[in-house]
Amino acid sequence: MDRAFRNDLQLARPELICAGNFIAGAWSAGQAGASYPVTDPASGEAFAEVADSDALDARAAADSAAAAFDAWRHRPARERAQLLKRWHALILANADDLARLISREQGKPLAEARGEVNYGASYVEWFAEEAVRTYGDMIPEGGRGRKLMVVKEPVGVVAAITPWNFPLAMIARKIAPALAAGCTVLAKPAEDTPLTALALVRLAQEAGIPSGVLNIVTASRARTPVVVGEWLNDARVRKITFTGSTAVGKSLARDSAATLKKLSLELGGNAPFIVFGDADLDAAVNGLMVSKFRNGGQTCVSPNRVYVQRDVYADFAERLAAKVRALKVGPATDPAAQIGPMINARALDKIMQHVSDALARGGVLLAGGTQVQPAGAHGTTFHAPTLIGNASADMLLAREETFGPVVALFPFDDEDEVVALANDTPFGLAAYFYARDIARVWRVADRLETGIVGINEGALAAESAPFGGVKESGYGREGSRYGLDDYMHTKYLCLGGVE
Ligand code: SIN
């Protein structure tokens, strides 16, 4: 199903640009025939149109996933694994095209988009291998004449609702464990970035994933509540897996209560990054650059509050400022660009509000600070990499996730104080700290209230590790063997009469 699009993406396989829904093994326009535009954030131009689905489309997708579930769950795990491996191979074989799609609709530099393809593909490979390892258990103490056993079963139909910041990796790491576990899937990609997800589903179709097992519908911001609402009210949908804001996560938890769905919620963060006086400062600066400026800071695990012990504060700030000033902002078409545009005007407005609030409350501007217009880019959502010193707890950027290329440095004096400050947030996704004292390393790792802790390391993401938060950053884990459990029930079997 092709709609109008500007075919200047130079894909080796232009058929990877899909514009319709994929339901029950067929591509089609939404039932109402409506569409909405997809915008390139670097140019501000709409370059594609995709289906703007409604409740009928959502219902059709759920019918399809429900009908396909029984056959898929009973398919031998090794066969499910082989199909996932084929999908993985196709993702890698089409990595360049997928990266171009990611960059065009999301804005990140092409090299980073290529990295995202590999990152997303690694989850598909991981869960292909885990599909055959959904072990149960024997419980030795069963009482006379009884055998107690535990088996794992797929939860059923899963609705995967994914964000725009990693248009490929986030959807891959939800679909892959669901399919590996034997669940069928309804996917709804972010309204800003549907094309990568549609291409991914096209490749799953080519890999031979059977009809109905994986369905995808796209919808504009205005129609998303109707589509998701249909799934929330459908008792056949047994699980929602969502990555996005805490506000939406809470509403999904509330609205799915009527049918008590299983939920995985990967929500907002407000990550602290602590540099102790005994840290290797160059390593800390490099770790911060990697974790903060990945995807232009539009990453849930990006550090939001950087606490630096007072005796190394000036030295650290100087080393960091030099690196921040050297970052190049530009569209993905500029091979030297390291920071792309922000996803949309709302995102840029929030960043600018955080910067002006911080400066009005005594923050000191050490780099950047403004919206910028790189040469050759017509979009208006670029923001300079920004460093603010002398930050304090009363600033907006201390309480809310900025989700952009802004670093705020907060001086601190001692360990108890900084741990209390780091934990003083409703969020608990990731935290980072740099220190050499081994006793401190264990103490601080133990006391930080987050699901993920980077210790002397800024790059945390790995398909083999559990990703997820505590507190209002949500629950459930993605990646690793724990990530498969989230798509399975634990069933207890009690066999009597064994004398
Ligand atoms: C996210 O921003 O939600 C995911 C980032 C990651 O996978 O590291």
# chains A, B, ... in the order shown; residues from 1 in each chain; ligands from 1
$ residues_around --residues "region 32-46 of chain A" --least-positions-apart "4" --cutoff "7 Å" --atoms "only C-alpha atoms" --output "ChimeraX atom specification"
/A:50-52,104-107,192,220,331,341,343-344,377-379
$ residues_around --residues "region 163-179 of chain A" --least-positions-apart "4" --cutoff "8 Å" --atoms "only C-alpha atoms" --output "ChimeraX atom specification"
/A:80,84,102,106,116-117,119-121,123-124,127-128,131,154,158,183-185,187,189-194,196-197,200,213,241,243-244,295,298-299,478-479,483-484,487
$ residues_around --residues "Leu198 (chain A)" --least-positions-apart "6" --cutoff "10 Å" --atoms "only C-alpha atoms" --output "list in words"
Leu16, Ile17, Cys18, Ala19, Gly20, Asn21, Phe22, Val50, Leu168, Ala187, Lys188, Pro189, Ala204, Asn215, Ile216, Val217 and Thr218 of chain A
$ write_last_selection --atoms "N, CA and C atoms" --output "PDB file, in the first residue's frame"
ATOM      1  N   LEU A  16      10.935  -0.873   1.000  1.00  0.00           N
ATOM      2  CA  LEU A  16      10.934  -0.857   2.471  1.00  0.00           C
ATOM      3  C   LEU A  16      10.185   0.362   3.005  1.00  0.00           C
ATOM      4  N   ILE A  17       9.857   1.300   2.146  1.00  0.00           N
ATOM      5  CA  ILE A  17       9.020   2.422   2.590  1.00  0.00           C
ATOM      6  C   ILE A  17       7.573   1.966   2.480  1.00  0.00           C
ATOM      7  N   CYS A  18       6.976   1.674   3.618  1.00  0.00           N
ATOM      8  CA  CYS A  18       5.601   1.162   3.654  1.00  0.00           C
ATOM      9  C   CYS A  18       4.724   2.243   4.270  1.00  0.00           C
ATOM     10  N   ALA A  19       3.499   2.313   3.813  1.00  0.00           N
ATOM     11  CA  ALA A  19       2.644   3.406   4.292  1.00  0.00           C
ATOM     12  C   ALA A  19       1.347   2.923   4.911  1.00  0.00           C
ATOM     13  N   GLY A  20       1.082   1.619   4.809  1.00  0.00           N
ATOM     14  CA  GLY A  20      -0.199   1.126   5.309  1.00  0.00           C
ATOM     15  C   GLY A  20      -0.043   0.368   6.612  1.00  0.00           C
ATOM     16  N   ASN A  21      -1.144  -0.178   7.097  1.00  0.00           N
ATOM     17  CA  ASN A  21      -1.122  -1.080   8.249  1.00  0.00           C
ATOM     18  C   ASN A  21      -0.816  -2.489   7.754  1.00  0.00           C
ATOM     19  N   PHE A  22      -0.251  -3.304   8.625  1.00  0.00           N
ATOM     20  CA  PHE A  22      -0.029  -4.714   8.290  1.00  0.00           C
ATOM     21  C   PHE A  22      -0.853  -5.534   9.280  1.00  0.00           C
ATOM     22  N   VAL A  50       1.359   8.277   6.125  1.00  0.00           N
ATOM     23  CA  VAL A  50       1.040   6.900   6.543  1.00  0.00           C
ATOM     24  C   VAL A  50      -0.401   6.844   7.054  1.00  0.00           C
ATOM     25  N   LEU A 168      13.830   2.068  15.871  1.00  0.00           N
ATOM     26  CA  LEU A 168      14.026   0.645  15.576  1.00  0.00           C
ATOM     27  C   LEU A 168      14.289  -0.168  16.837  1.00  0.00           C
ATOM     28  N   ALA A 187       1.477  -3.903  17.180  1.00  0.00           N
ATOM     29  CA  ALA A 187       2.450  -2.828  17.418  1.00  0.00           C
ATOM     30  C   ALA A 187       1.864  -1.494  16.987  1.00  0.00           C
ATOM     31  N   LYS A 188       2.180  -0.458  17.768  1.00  0.00           N
ATOM     32  CA  LYS A 188       1.766   0.915  17.416  1.00  0.00           C
ATOM     33  C   LYS A 188       2.993   1.803  17.633  1.00  0.00           C
ATOM     34  N   PRO A 189       3.694   2.127  16.520  1.00  0.00           N
ATOM     35  CA  PRO A 189       4.889   2.958  16.683  1.00  0.00           C
ATOM     36  C   PRO A 189       4.521   4.410  16.978  1.00  0.00           C
ATOM     37  N   ALA A 204      10.124  -8.661   8.708  1.00  0.00           N
ATOM     38  CA  ALA A 204       9.618  -9.827   9.461  1.00  0.00           C
ATOM     39  C   ALA A 204       8.736 -10.674   8.556  1.00  0.00           C
ATOM     40  N   ASN A 215       1.364  -7.747  13.874  1.00  0.00           N
ATOM     41  CA  ASN A 215       0.484  -6.773  13.203  1.00  0.00           C
ATOM     42  C   ASN A 215       0.930  -5.380  13.614  1.00  0.00           C
ATOM     43  N   ILE A 216       0.784  -4.429  12.698  1.00  0.00           N
ATOM     44  CA  ILE A 216       1.173  -3.059  13.062  1.00  0.00           C
ATOM     45  C   ILE A 216       0.133  -2.086  12.515  1.00  0.00           C
ATOM     46  N   VAL A 217      -0.221  -1.114  13.330  1.00  0.00           N
ATOM     47  CA  VAL A 217      -1.084  -0.026  12.858  1.00  0.00           C
ATOM     48  C   VAL A 217      -0.436   1.302  13.243  1.00  0.00           C
ATOM     49  N   THR A 218      -0.583   2.277  12.365  1.00  0.00           N
ATOM     50  CA  THR A 218      -0.038   3.601  12.651  1.00  0.00           C
ATOM     51  C   THR A 218      -1.198   4.564  12.916  1.00  0.00           C
TER      52      THR A 218
END
$ atom_distance --atom1 "CA of Ala465 (chain A)" --atom2 "CA of Arg481 (chain A)"
8.1 Å
$ select_by_dssp --residues "region 394-441 of chain A" --states "strand (DSSP E or B)" --output "list in words"
Val406, Val407, Ala408, Leu409, Phe410, Pro411, Phe412, Phe427, Gly428, Ala430, Ala431, Tyr432, Phe433 and Tyr434 of chain A
$ write_last_selection --atoms "C-alpha atoms" --output "PDB file, in the first residue's frame"
ATOM      1  CA  VAL A 406      21.870  20.201  28.073  1.00  0.00           C
ATOM      2  CA  VAL A 407      24.254  19.353  30.931  1.00  0.00           C
ATOM      3  CA  ALA A 408      23.769  20.930  34.337  1.00  0.00           C
ATOM      4  CA  LEU A 409      26.600  20.749  36.897  1.00  0.00           C
ATOM      5  CA  PHE A 410      25.685  20.714  40.604  1.00  0.00           C
ATOM      6  CA  PRO A 411      28.562  21.064  43.100  1.00  0.00           C
ATOM      7  CA  PHE A 412      28.404  18.828  46.234  1.00  0.00           C
ATOM      8  CA  PHE A 427      12.100   8.657  39.043  1.00  0.00           C
ATOM      9  CA  GLY A 428      14.465   5.696  39.220  1.00  0.00           C
ATOM     10  CA  ALA A 430      19.432   4.982  35.611  1.00  0.00           C
ATOM     11  CA  ALA A 431      22.216   6.479  37.701  1.00  0.00           C
ATOM     12  CA  TYR A 432      25.941   6.807  37.068  1.00  0.00           C
ATOM     13  CA  PHE A 433      28.903   7.462  39.284  1.00  0.00           C
ATOM     14  CA  TYR A 434      32.661   7.679  38.947  1.00  0.00           C
TER      15      TYR A 434
END
$ residues_near_ligand --ligand "ligand 1" --cutoff "6 Å" --atoms "only C-alpha atoms and all ligand atoms" --output "ChimeraX atom specification"
/A:299-301,461
$ closest_residue --among "A:Ala420, A:Ala279, A:Ala384, A:Ala317" --to "Phe293 (chain A)" --atoms "only C-alpha atoms"
A:Ala384
$ atom_distance --atom1 "CA of Arg236 (chain A)" --atom2 "CA of Arg254 (chain A)"
17.5 Å
$ select_by_dssp --residues "region 198-422 of chain A" --states "alpha helix (DSSP H)" --output "number ranges by chain"
A: 198-207, 224-233, 246-255, 281-293, 310-326, 345-360, 396-399, 415-422
$ residues_around --residues "Leu9 (chain A)" --least-positions-apart "6" --cutoff "9 Å" --atoms "only C-alpha atoms" --output "list in words"
Asp97, Arg100, Leu101 and Arg104 of chain A
$ closest_residue --among "A:Lys147, A:Glu415, A:Gly340, A:Glu49" --to "Arg443 (chain A)" --atoms "only C-alpha atoms"
A:Glu415
$ closest_residue --among "A:Asp413, A:Glu125, A:Asp349, A:Glu401" --to "Val275 (chain A)" --atoms "only C-alpha atoms"
A:Asp413
$ residues_around --residues "Ala332 (chain A)" --least-positions-apart "5" --cutoff "7 Å" --atoms "only C-alpha atoms" --output "PyMOL selection string"
chain A and resi 103+107-110+337+340
$ atom_distance --atom1 "CA of Ser211 (chain A)" --atom2 "CA of Ala24 (chain A)"
5.1 Å
$ closest_residue --among "A:Leu281, A:Leu348, A:Met395, A:Val498" --to "Asp315 (chain A)" --atoms "only C-alpha atoms"
A:Leu281
$ closest_residue --among "A:Thr162, A:Thr490, A:Thr402, A:Thr381" --to "Pro303 (chain A)" --atoms "only C-alpha atoms"
A:Thr402
$ closest_residue --among "A:Glu463, A:Asp96, A:Asp485, A:Asp424" --to "Ala271 (chain A)" --atoms "only C-alpha atoms"
A:Asp424
$ residues_around --residues "Gly296 (chain A)" --least-positions-apart "3" --cutoff "6 Å" --atoms "only C-alpha atoms" --output "list in words"
Phe293, Ile339, Gly404 and Pro405 of chain A
